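**Q** This is target_13.txt, which holds compact mmCIF, C-alpha atoms:
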```
# COMPACT_ATOMS: atom_id res chain seq x y z
CA MET A 1 32.07 -31.96 -26.14
CA LYS A 2 32.52 -30.36 -29.55
CA ALA A 3 35.54 -32.60 -30.05
CA GLY A 4 33.35 -35.67 -29.61
CA ASP A 5 33.90 -36.24 -25.88
CA LYS A 6 30.96 -38.47 -24.99
CA ALA A 7 31.80 -38.42 -21.29
CA ALA A 8 31.39 -34.64 -21.29
CA LEU A 9 27.93 -34.95 -22.82
CA VAL A 10 26.95 -37.62 -20.29
CA GLU A 11 28.08 -35.36 -17.45
CA LEU A 12 26.21 -32.40 -18.88
CA TYR A 13 23.09 -34.47 -19.43
CA GLU A 14 23.15 -35.86 -15.89
CA ARG A 15 23.55 -32.38 -14.46
CA ARG A 16 21.00 -30.50 -16.56
CA GLU A 17 18.38 -33.02 -17.63
CA PRO A 18 16.44 -33.41 -14.35
CA GLY A 19 15.81 -29.69 -13.91
CA LEU A 20 15.07 -29.20 -17.57
CA TYR A 21 12.67 -32.14 -17.72
CA ARG A 22 10.82 -31.05 -14.56
CA TYR A 23 10.64 -27.49 -15.92
CA ALA A 24 9.06 -28.74 -19.16
CA LEU A 25 6.78 -31.05 -17.17
CA HIS A 26 5.49 -28.26 -14.92
CA MET A 27 5.18 -25.83 -17.78
CA SER A 28 3.32 -28.21 -20.08
CA GLY A 29 1.64 -30.47 -17.54
CA SER A 30 2.40 -33.35 -19.86
CA ARG A 31 5.03 -36.06 -19.64
CA VAL A 32 4.92 -36.60 -23.39
CA VAL A 33 5.63 -32.94 -24.09
CA ALA A 34 8.32 -32.81 -21.40
CA GLU A 35 10.11 -35.79 -22.95
CA GLU A 36 9.87 -34.30 -26.40
CA VAL A 37 11.18 -30.94 -25.26
CA THR A 38 14.06 -32.45 -23.26
CA HIS A 39 15.04 -34.60 -26.20
CA GLU A 40 14.87 -31.71 -28.64
CA VAL A 41 16.88 -29.35 -26.41
CA PHE A 42 19.80 -31.77 -26.15
CA PHE A 43 19.42 -32.79 -29.76
CA ARG A 44 19.88 -29.18 -30.80
CA LEU A 45 22.82 -28.76 -28.45
CA ILE A 46 24.77 -31.56 -30.17
CA GLY A 47 23.61 -30.53 -33.64
CA PRO A 48 25.69 -28.71 -36.23
CA GLY A 49 23.87 -25.36 -36.02
CA VAL A 50 24.07 -24.84 -32.26
CA LYS A 51 23.82 -21.12 -31.47
CA PHE A 52 25.09 -21.16 -27.90
CA ASP A 53 27.48 -18.28 -27.21
CA PRO A 54 29.02 -18.23 -23.70
CA ARG A 55 29.49 -14.46 -23.97
CA LEU A 56 25.72 -13.98 -24.07
CA GLY A 57 24.85 -16.10 -21.03
CA SER A 58 25.21 -19.43 -19.28
CA LEU A 59 24.58 -22.77 -20.91
CA GLU A 60 21.75 -23.38 -18.47
CA ALA A 61 20.04 -20.17 -19.54
CA TYR A 62 20.51 -21.18 -23.17
CA LEU A 63 18.97 -24.62 -22.56
CA HIS A 64 16.02 -23.08 -20.72
CA GLY A 65 15.57 -20.56 -23.49
CA VAL A 66 15.42 -23.31 -26.12
CA ALA A 67 12.99 -25.29 -23.94
CA ARG A 68 10.78 -22.21 -23.43
CA ASN A 69 10.64 -21.54 -27.18
CA LEU A 70 9.79 -25.16 -27.90
CA LEU A 71 7.03 -25.09 -25.27
CA ARG A 72 5.60 -21.92 -26.80
CA GLY A 73 5.58 -23.58 -30.21
CA ILE A 74 3.83 -26.65 -28.85
CA ALA A 75 1.28 -24.46 -27.06
CA ARG A 76 0.55 -22.62 -30.31
CA ILE A 77 -0.01 -25.90 -32.13
CA ALA A 78 -2.29 -27.09 -29.31
CA GLN A 79 -4.37 -23.92 -29.67
CA ARG A 80 -4.78 -24.53 -33.40
CA GLU A 81 -5.54 -28.22 -32.99
CA PRO A 82 -7.93 -28.85 -30.09
CA GLU A 83 -7.66 -32.65 -30.35
CA LEU A 84 -4.06 -32.31 -29.18
CA THR A 85 -5.32 -30.41 -26.13
CA GLU A 86 -7.50 -33.37 -25.31
CA VAL A 87 -4.46 -35.63 -25.49
CA LYS A 88 -2.68 -33.21 -23.19
CA ALA A 89 -5.59 -33.27 -20.73
CA ALA A 90 -5.49 -37.07 -20.67
CA ALA A 91 -1.76 -36.95 -20.02
CA GLU A 92 -2.34 -34.46 -17.22
CA HIS A 93 -4.84 -36.79 -15.66
CA ASP A 94 -2.38 -39.69 -15.75
CA LEU A 95 0.33 -37.50 -14.31
CA LEU A 96 -1.81 -36.32 -11.43
CA LYS A 97 -3.08 -39.79 -10.72
CA SER A 98 0.40 -41.26 -10.55
CA LEU A 99 2.13 -38.47 -8.68
CA ILE A 100 -0.18 -36.45 -6.53
CA ASP A 101 -2.17 -38.04 -3.73
CA ASP A 102 -3.22 -34.87 -1.98
CA GLU A 103 -6.34 -33.28 -3.42
CA MET A 104 -5.18 -29.76 -2.71
CA THR A 105 -1.84 -30.31 -4.43
CA ALA A 106 -3.64 -31.80 -7.42
CA ALA A 107 -5.85 -28.70 -7.55
CA LEU A 108 -2.77 -26.55 -7.37
CA HIS A 109 -1.22 -28.40 -10.29
CA LEU A 110 -4.30 -27.77 -12.40
CA ALA A 111 -4.41 -24.14 -11.30
CA LEU A 112 -0.78 -23.76 -12.35
CA GLN A 113 -1.66 -24.87 -15.88
CA ASP A 114 -4.26 -22.10 -16.09
CA LEU A 115 -1.69 -19.37 -15.51
CA THR A 116 -0.13 -17.55 -18.45
CA PRO A 117 3.31 -18.91 -19.43
CA GLU A 118 5.10 -15.88 -17.91
CA TYR A 119 3.43 -16.33 -14.50
CA ARG A 120 3.82 -20.12 -14.63
CA ASP A 121 7.51 -19.64 -15.48
CA ALA A 122 7.99 -17.59 -12.31
CA VAL A 123 6.23 -20.10 -10.04
CA VAL A 124 7.97 -23.11 -11.59
CA LEU A 125 11.44 -21.61 -11.34
CA CYS A 126 11.15 -19.84 -7.98
CA ASP A 127 8.83 -22.14 -6.03
CA LEU A 128 9.08 -25.56 -7.65
CA GLU A 129 12.72 -25.47 -8.71
CA GLU A 130 13.75 -23.27 -5.73
CA ARG A 131 15.72 -20.79 -7.79
CA SER A 132 16.66 -17.43 -6.35
CA TYR A 133 15.15 -14.34 -7.96
CA GLU A 134 18.54 -13.65 -9.51
CA ASP A 135 18.87 -17.13 -11.06
CA ALA A 136 15.29 -17.06 -12.27
CA ALA A 137 15.87 -13.65 -13.85
CA LYS A 138 18.81 -15.05 -15.81
CA LEU A 139 16.79 -18.04 -16.97
CA MET A 140 13.74 -15.95 -17.81
CA ASP A 141 15.88 -13.27 -19.42
CA CYS A 142 14.23 -10.42 -17.54
CA PRO A 143 15.03 -8.12 -14.56
CA ILE A 144 14.84 -9.40 -10.97
CA GLY A 145 12.03 -6.97 -10.17
CA THR A 146 9.96 -8.45 -13.00
CA VAL A 147 10.46 -11.97 -11.62
CA ARG A 148 9.32 -10.88 -8.15
CA SER A 149 6.35 -9.02 -9.49
CA ARG A 150 5.29 -11.92 -11.75
CA LEU A 151 5.66 -14.34 -8.88
CA HIS A 152 3.59 -12.10 -6.63
CA ARG A 153 0.83 -11.85 -9.21
CA ALA A 154 0.99 -15.58 -10.03
CA ARG A 155 0.74 -16.58 -6.38
CA GLY A 156 -2.19 -14.22 -5.95
CA LEU A 157 -3.97 -15.92 -8.85
CA LEU A 158 -3.16 -19.37 -7.50
CA ALA A 159 -4.39 -18.35 -4.06
CA SER A 160 -7.72 -17.16 -5.44
CA LYS A 161 -8.14 -20.39 -7.44
CA LEU A 162 -7.36 -22.49 -4.38
CA LYS A 163 -9.72 -20.40 -2.28
CA ARG A 164 -12.48 -21.23 -4.74
CA PHE A 165 -11.44 -24.87 -4.63
CA LYS A 166 -11.58 -25.13 -0.84
CA THR A 167 -15.02 -23.55 -0.74
CA ALA A 168 -16.35 -25.72 -3.58
CA PRO A 169 -18.82 -28.46 -2.55
CA GLY A 170 -17.23 -31.89 -2.23
CA SER A 171 -13.78 -30.57 -1.39
CA ARG A 172 -12.26 -32.30 1.60
CA THR A 173 -9.15 -30.17 1.96
CA VAL A 174 -9.17 -27.13 4.17
CA VAL A 175 -6.64 -24.36 3.74
CA ALA A 176 -5.33 -22.84 6.96
CA MET B 1 4.68 3.85 6.46
CA MET B 2 4.31 0.97 3.98
CA THR B 3 1.06 0.36 2.16
CA CYS B 4 -0.81 -2.95 2.10
CA ARG B 5 0.39 -3.54 -1.48
CA GLU B 6 4.00 -3.04 -0.46
CA PHE B 7 3.45 -5.29 2.54
CA SER B 8 2.02 -8.00 0.29
CA TYR B 9 5.43 -8.42 -1.34
CA GLU B 10 7.02 -8.72 2.11
CA VAL B 11 4.32 -11.20 3.11
CA MET B 12 5.09 -13.33 0.06
CA ASP B 13 8.84 -13.31 0.65
CA TYR B 14 8.60 -14.17 4.38
CA ALA B 15 5.95 -16.85 3.80
CA ARG B 16 8.04 -18.43 1.02
CA ALA B 17 11.11 -18.45 3.24
CA ASP B 18 8.97 -19.77 6.14
CA VAL B 19 10.47 -17.30 8.63
CA ARG B 20 8.89 -15.06 11.25
CA PRO B 21 8.14 -11.62 9.78
CA PRO B 22 9.86 -8.53 11.20
CA ALA B 23 8.17 -6.50 13.95
CA GLU B 24 6.84 -3.84 11.59
CA LEU B 25 5.10 -6.43 9.41
CA GLU B 26 3.79 -8.35 12.41
CA ALA B 27 2.28 -5.16 13.78
CA HIS B 28 0.60 -4.51 10.44
CA LEU B 29 -0.72 -8.09 10.22
CA ALA B 30 -2.22 -7.67 13.68
CA VAL B 31 -4.35 -4.75 12.55
CA CYS B 32 -4.99 -5.48 8.83
CA ALA B 33 -7.38 -8.37 8.22
CA GLN B 34 -6.74 -8.38 4.46
CA CYS B 35 -2.97 -8.74 4.88
CA ARG B 36 -3.49 -11.29 7.65
CA GLU B 37 -5.56 -13.38 5.26
CA ARG B 38 -2.92 -13.02 2.55
CA TRP B 39 -0.26 -14.13 5.02
CA GLU B 40 -2.24 -17.28 5.82
CA ILE B 41 -2.95 -18.01 2.17
CA GLU B 42 0.70 -17.50 1.26
CA HIS B 43 1.70 -19.97 3.97
CA ALA B 44 -0.81 -22.54 2.75
CA LEU B 45 0.31 -22.00 -0.83
CA THR B 46 3.95 -22.42 0.13
CA ASN B 47 3.13 -25.72 1.85
CA SER B 48 1.17 -26.98 -1.16
CA LEU B 49 3.92 -25.99 -3.54
CA MET B 50 6.42 -27.76 -1.30
CA ASP B 51 4.29 -30.93 -1.49
CA MET B 52 4.15 -30.59 -5.23
CA ARG B 53 7.90 -30.09 -5.42
CA GLU B 54 8.45 -33.26 -3.42
CA ALA B 55 5.99 -35.19 -5.57
CA PHE B 56 7.93 -34.25 -8.69
CA ALA B 57 11.42 -34.34 -7.21
CA MET B 58 12.36 -37.72 -8.62
CA GLU B 59 10.85 -37.14 -12.03
CA ARG B 60 13.29 -37.62 -14.86
CA ALA B 61 13.13 -38.13 -18.57
CA PRO B 62 12.94 -41.80 -19.56
CA GLY B 63 16.19 -43.62 -20.26
CA ASP B 64 15.46 -43.89 -23.97
CA VAL B 65 15.69 -40.08 -24.30
CA ARG B 66 19.21 -40.25 -22.91
CA GLU B 67 20.13 -43.23 -25.09
CA SER B 68 18.77 -41.55 -28.20
CA ILE B 69 20.82 -38.41 -27.59
CA LEU B 70 24.02 -40.34 -26.89
CA ARG B 71 23.46 -42.51 -29.96
CA GLU B 72 22.97 -39.44 -32.13
CA PHE B 73 26.06 -37.81 -30.64
CA SER B 74 28.16 -40.91 -31.46
CA ARG B 75 26.74 -41.10 -34.96
CA ARG B 76 27.51 -37.47 -35.73
CA HIS B 77 31.06 -37.66 -34.46
CA ARG B 78 31.70 -40.97 -36.20
CA THR B 79 30.56 -39.39 -39.43
CA LEU B 80 32.94 -36.51 -38.91
CA ALA B 81 35.86 -38.79 -38.00
CA THR B 82 35.50 -41.16 -40.98
CA PRO B 83 34.51 -39.33 -44.16
CA ALA B 84 32.81 -41.13 -47.02
CA PRO B 85 35.16 -43.02 -49.45
CA PHE B 86 34.81 -40.52 -52.28
CA VAL B 87 35.58 -37.68 -49.86
CA LYS B 88 38.62 -39.56 -48.57
CA TRP B 89 40.03 -40.22 -52.07
CA GLY B 90 39.25 -36.66 -53.07
CA LEU B 91 41.24 -35.39 -50.10
CA ILE B 92 44.16 -37.68 -50.97
CA ALA B 93 44.15 -36.50 -54.61
CA ALA B 94 44.02 -32.87 -53.49
CA MET B 95 46.93 -33.41 -51.12
CA LEU B 96 49.01 -35.11 -53.88
CA LEU B 97 48.32 -32.26 -56.27
CA ALA B 98 49.20 -29.69 -53.63
CA GLY B 99 52.43 -31.58 -52.90
CA PHE B 100 53.32 -31.75 -56.61
CA PHE B 101 52.76 -28.05 -57.16
CA SER B 102 54.65 -27.14 -53.98
CA PHE B 103 57.59 -29.21 -55.18
CA GLN B 104 57.50 -27.54 -58.60
CA MET B 105 57.43 -24.10 -57.00
CA TRP B 106 60.33 -24.98 -54.74
CA ARG B 107 62.31 -26.33 -57.69
CA MET B 108 61.74 -23.22 -59.77
CA ARG B 109 62.68 -20.95 -56.89
CA SER B 110 65.86 -22.89 -56.15
CA GLN B 111 66.87 -22.67 -59.80
CA ALA B 112 66.14 -18.98 -60.16
CA PRO B 113 69.12 -16.69 -60.88
CA ARG B 114 70.80 -15.24 -57.83
CA ASN B 115 71.50 -11.90 -59.52
CA ALA B 116 68.16 -10.51 -60.49
CA ASP B 117 69.72 -7.71 -62.52
CA SER B 118 71.52 -10.09 -64.81
CA PRO B 119 69.80 -11.74 -67.74
CA SER B 120 69.60 -15.48 -67.36
CA VAL B 121 69.09 -18.25 -69.92
CA LEU B 122 69.19 -22.01 -69.93
CA ALA B 123 72.56 -23.43 -70.96
CA SER B 124 70.92 -25.49 -73.68
CA ASP B 125 69.51 -22.23 -75.06
CA ILE B 126 72.87 -20.58 -75.53
CA GLU B 127 73.08 -21.76 -79.11
CA LEU B 128 69.39 -21.18 -79.79
CA LEU B 129 69.66 -17.65 -78.57
CA GLY B 130 72.75 -17.13 -80.65
CA LEU B 131 74.90 -16.15 -77.75
CA GLN B 132 77.89 -17.83 -79.29
CA ASP B 133 77.51 -16.40 -82.77
CA GLU B 134 75.67 -13.14 -82.42
CA GLY B 135 76.43 -12.47 -78.77
CA GLY B 136 80.13 -12.68 -79.38
CA PHE B 137 80.84 -15.04 -76.51
CA VAL B 138 83.88 -17.29 -76.63
CA ALA B 139 83.76 -20.61 -74.81
CA ILE B 140 86.29 -20.87 -72.06
CA PRO B 141 88.58 -23.84 -72.63
CA TYR B 142 88.45 -26.69 -70.10
CA ALA B 143 85.47 -25.21 -68.32
CA PRO B 144 83.20 -27.94 -66.84
CA PRO B 145 80.20 -28.67 -69.04
CA LEU B 146 76.80 -27.32 -68.04
CA ALA B 147 74.21 -29.74 -66.74
CA PRO B 148 71.05 -30.15 -68.82
CA GLY B 149 68.50 -27.59 -67.72
CA GLU B 150 71.06 -25.60 -65.75
CA PHE B 151 70.51 -21.86 -65.65
CA VAL B 152 73.28 -19.50 -66.61
CA ARG B 153 73.59 -15.79 -66.13
CA VAL B 154 75.62 -13.09 -67.79
CA VAL B 155 77.71 -11.05 -65.40
CA ARG B 156 79.58 -7.90 -66.32
CA THR B 157 82.81 -7.60 -64.41
CA GLN B 158 86.38 -6.20 -64.46
CA LEU B 159 89.16 -8.68 -65.22
CA GLN B 160 92.95 -8.54 -65.39
CA PRO B 161 94.40 -9.14 -68.89
CA VAL B 162 96.14 -12.21 -67.45
CA ALA B 163 92.80 -13.69 -66.37
CA LEU B 164 91.37 -13.01 -69.81
CA ALA B 165 94.39 -14.66 -71.38
CA ARG B 166 93.74 -17.77 -69.31
CA MET B 167 90.23 -17.78 -70.73
CA GLY B 168 91.64 -17.68 -74.26
CA VAL B 169 91.23 -13.96 -74.87
CA ASP B 170 94.44 -12.17 -75.66
CA VAL B 171 94.14 -8.42 -75.35
CA GLY B 172 97.82 -7.56 -75.79
CA ASP B 173 99.42 -4.68 -74.01
CA VAL B 174 97.17 -1.90 -75.19
CA TYR B 175 94.84 -1.94 -72.19
CA GLY B 176 95.24 -0.86 -68.65
CA ASP B 177 95.10 -2.86 -65.50
CA GLU B 178 91.50 -4.08 -65.71
CA ILE B 179 89.21 -4.73 -68.64
CA THR B 180 85.42 -4.83 -68.68
CA ALA B 181 84.17 -8.28 -69.67
CA ASP B 182 80.88 -10.21 -69.80
CA LEU B 183 80.96 -13.72 -68.39
CA VAL B 184 78.43 -16.50 -68.85
CA VAL B 185 78.34 -18.08 -65.38
CA GLY B 186 76.74 -21.37 -64.45
CA GLN B 187 74.84 -22.14 -61.27
CA ASP B 188 78.14 -23.26 -59.73
CA ASP B 189 79.46 -19.73 -60.34
CA MET B 190 82.07 -21.07 -62.76
CA PRO B 191 82.48 -19.03 -66.00
CA ARG B 192 81.66 -20.91 -69.20
CA ALA B 193 82.06 -18.20 -71.85
CA VAL B 194 83.45 -14.71 -72.10
CA ARG B 195 83.17 -11.67 -74.31
CA LEU B 196 84.50 -8.20 -74.31
CA PRO B 197 81.94 -5.47 -74.88
CA GLU B 198 82.33 -3.54 -78.13
CA THR B 199 83.44 -0.51 -76.21
CA ALA B 200 86.33 -2.50 -74.81
CA VAL B 201 87.85 -4.34 -77.74
CA ASN B 202 87.18 -6.02 -81.07
CA PHE B 203 88.78 -9.37 -81.53
```
Let's see the structure in the file written out as structure tokens.
**A**
Amino acid sequence: MKAGDKAALVELYERREPGLYRYALHMSGSRVVAEEVTHEVFFRLIGPGVKFDPRLGSLEAYLHGVARNLLRGIARIAQREPELTEVKAAAEHDLLKSLIDDEMTAALHLALQDLTPEYRDAVVLCDLEERSYEDAAKLMDCPIGTVRSRLHRARGLLASKLKRFKTAPGSRTVVA
Amino acid sequence: MMTCREFSYEVMDYARADVRPPAELEAHLAVCAQCRERWEIEHALTNSLMDMREAFAMERAPGDVRESILREFSRRHRTLATPAPFVKWGLIAAMLLAGFFSFQMWRMRSQAPRNADSPSVLASDIELLGLQDEGGFVAIPYAPPLAPGEFVRVVRTQLQPVALARMGVDVGDVYGDEITADLVVGQDDMPRAVRLPETAVNF
């Protein structure tokens, strides 16, 4: 790819883009942000100052690392500028409306956005992207035990949020 | 005996994998209401997450993201492959200069004297340096002329009186078998001038 092989980039993009885009989508809850992050990750990969070093980890881990940093940056900006958060909320609404029919799943999606990035990372990678603890640990750059413990805590938080949801008045979904 | 907290990790793993828990965990679930509830919640959560996963499974970045990246990739590599005109001409000029200097270096090396210990001068400088007058050299008759710019070197050697006589230097019968002589030798190794050191003879 460094030598200008476009076919290699196309192959890499086809292989890595779906997972990366979904990761950014779940983490941000916004299609706009997910598109921006995906674009920026690949843009940096083909740029002159690319810092990927195969001795330090896989390309996939590198791409996820760049995406995670970009998402953190965007989250920081959103905290400073509340009007952007409103835009994000509107995007979330559109996303839910177009994708999720089930009320419970929609509630789960919203509950996921309330988790801290570390907990959300664990749920997105292990449960939504079906990564093993080992793979998730590589992508999250932390020990396997930390992934399991974060996932355990995150699922506990999600469970309590969903429990509140199912007992809320007007909710039609019943959890087993 | 495992605690409820330790069991909760097992509960999560078995619920996520959607497999029947081992006997020990099943026995605990039968007697612990809290863990039983967690088991049920974990199952429900796993099902909801599975629904969510399926809902998002086909999600991909729009085609224009892909096109933009490929376009940028092509642009960057085209830029690298075809440098700007001034860069191109600069490179050509640099290559010509490098070639010229390499050639000059090669030429100087090839013309350098083979015997580093011997002094060397240009043939055209023989007169300027006074080799003929002050150096006491005698031109050897019928020797081929030196080419312009040709280097010469002075070699001290031992010669038979007969050889010296052929060069126009008659030493008579007073010397032994071999006589020390200085020769001015061209790049073709042919002698052009000869002298006898003062210690050898005055003529």
**Q** If you measure from atom CA of Asp182 of chain B to atom CA of Arg156 of chain B, what distance in Å do you get, rounded to one decimal?
**A**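 A separation of 4.4 Å between them.
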**Q** Rank B:Cys35, B:Val19, B:Ala44, B:Ala57 by their smallest atom-to-atom distance to Tyr23 of chain A, using all atoms listed in the file, and report the top residue only.
**A**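 Closest candidate: B:Ala57.
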**Q** Report as a tab-separated table: every residue of chain B with an atom at most 12 Å from chain A, its closest pair of atoms, and their distance in Å to one decimal, counting all atoms listed in the file, with rows sorted by chain and ascending residue number.
**A**
```
residue	atom	partner	partner_atom	distance
B:Arg5	CA	A:His152	CA	10.5
B:Glu6	CA	A:His152	CA	11.0
B:Phe7	CA	A:His152	CA	11.4
B:Ser8	CA	A:His152	CA	8.2
B:Tyr9	CA	A:His152	CA	6.7
B:Glu10	CA	A:His152	CA	10.0
B:Val11	CA	A:His152	CA	9.8
B:Met12	CA	A:His152	CA	7.0
B:Asp13	CA	A:His152	CA	9.1
B:Ala15	CA	A:Arg155	CA	11.4
B:Arg16	CA	A:Asp127	CA	8.0
B:Ala17	CA	A:Asp127	CA	10.2
B:Arg36	CA	A:Ala176	CA	11.7
B:Glu37	CA	A:Ala176	CA	9.6
B:Arg38	CA	A:Gly156	CA	8.6
B:Trp39	CA	A:Ala176	CA	10.3
B:Glu40	CA	A:Ala176	CA	6.5
B:Ile41	CA	A:Ala159	CA	6.4
B:Glu42	CA	A:Ala159	CA	7.4
B:His43	CA	A:Ala176	CA	8.2
B:Ala44	CA	A:Ala176	CA	6.2
B:Leu45	CA	A:Ala159	CA	6.8
B:Thr46	CA	A:Asp127	CA	7.9
B:Asn47	CA	A:Thr105	CA	9.2
B:Ser48	CA	A:Thr105	CA	5.6
B:Leu49	CA	A:Leu128	CA	6.6
B:Met50	CA	A:Leu128	CA	7.2
B:Asp51	CA	A:Thr105	CA	6.8
B:Met52	CA	A:Thr105	CA	6.0
B:Arg53	CA	A:Leu128	CA	5.2
B:Glu54	CA	A:Leu128	CA	8.8
B:Ala55	CA	A:Leu99	CA	5.9
B:Phe56	CA	A:Leu99	CA	7.2
B:Ala57	CA	A:Arg22	CA	8.1
B:Met58	CA	A:Pro18	CA	8.2
B:Glu59	CA	A:Arg22	CA	6.6
B:Arg60	CA	A:Pro18	CA	5.3
B:Ala61	CA	A:Glu35	CA	5.8
B:Pro62	CA	A:Glu35	CA	7.5
B:Gly63	CA	A:Glu35	CA	10.3
B:Asp64	CA	A:His39	CA	9.6
B:Val65	CA	A:His39	CA	5.8
B:Arg66	CA	A:His39	CA	7.8
B:Glu67	CA	A:Val10	CA	10.1
B:Ser68	CA	A:His39	CA	8.1
B:Ile69	CA	A:Phe43	CA	6.2
B:Leu70	CA	A:Lys6	CA	7.4
B:Arg71	CA	A:Lys6	CA	9.9
B:Glu72	CA	A:Phe43	CA	7.9
B:Phe73	CA	A:Ile46	CA	6.4
B:Ser74	CA	A:Lys6	CA	7.5
B:Arg75	CA	A:Gly4	CA	10.1
B:Arg76	CA	A:Gly47	CA	8.2
B:His77	CA	A:Gly4	CA	5.7
B:Arg78	CA	A:Gly4	CA	8.6
B:Thr79	CA	A:Gly4	CA	10.9
B:Leu80	CA	A:Gly4	CA	9.3
B:Ala81	CA	A:Gly4	CA	9.3
```
**Q** Name the closest residue to Glu150 of chain B among the candidates B:Gly186, B:Pro21, B:Pro197, B:Gly135; distances are taken between atoms, counting all atoms listed in the file.
**A**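 Smallest distance to Glu150 of chain B is found for B:Gly186.
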**Q** How many Å lie between atom CA of Val66 of chain A and atom CA of Ala154 of chain A, rounded to one decimal?
**A**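 Between atom CA of Val66 of chain A and atom CA of Ala154 of chain A the gap works out to 23.0 Å.
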**Q** Can you work out the spacing between atom CA of Leu110 of chain A and atom CA of Lys161 of chain A in Å, to one decimal?
**A**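 Between atom CA of Leu110 of chain A and atom CA of Lys161 of chain A the gap works out to 9.7 Å.
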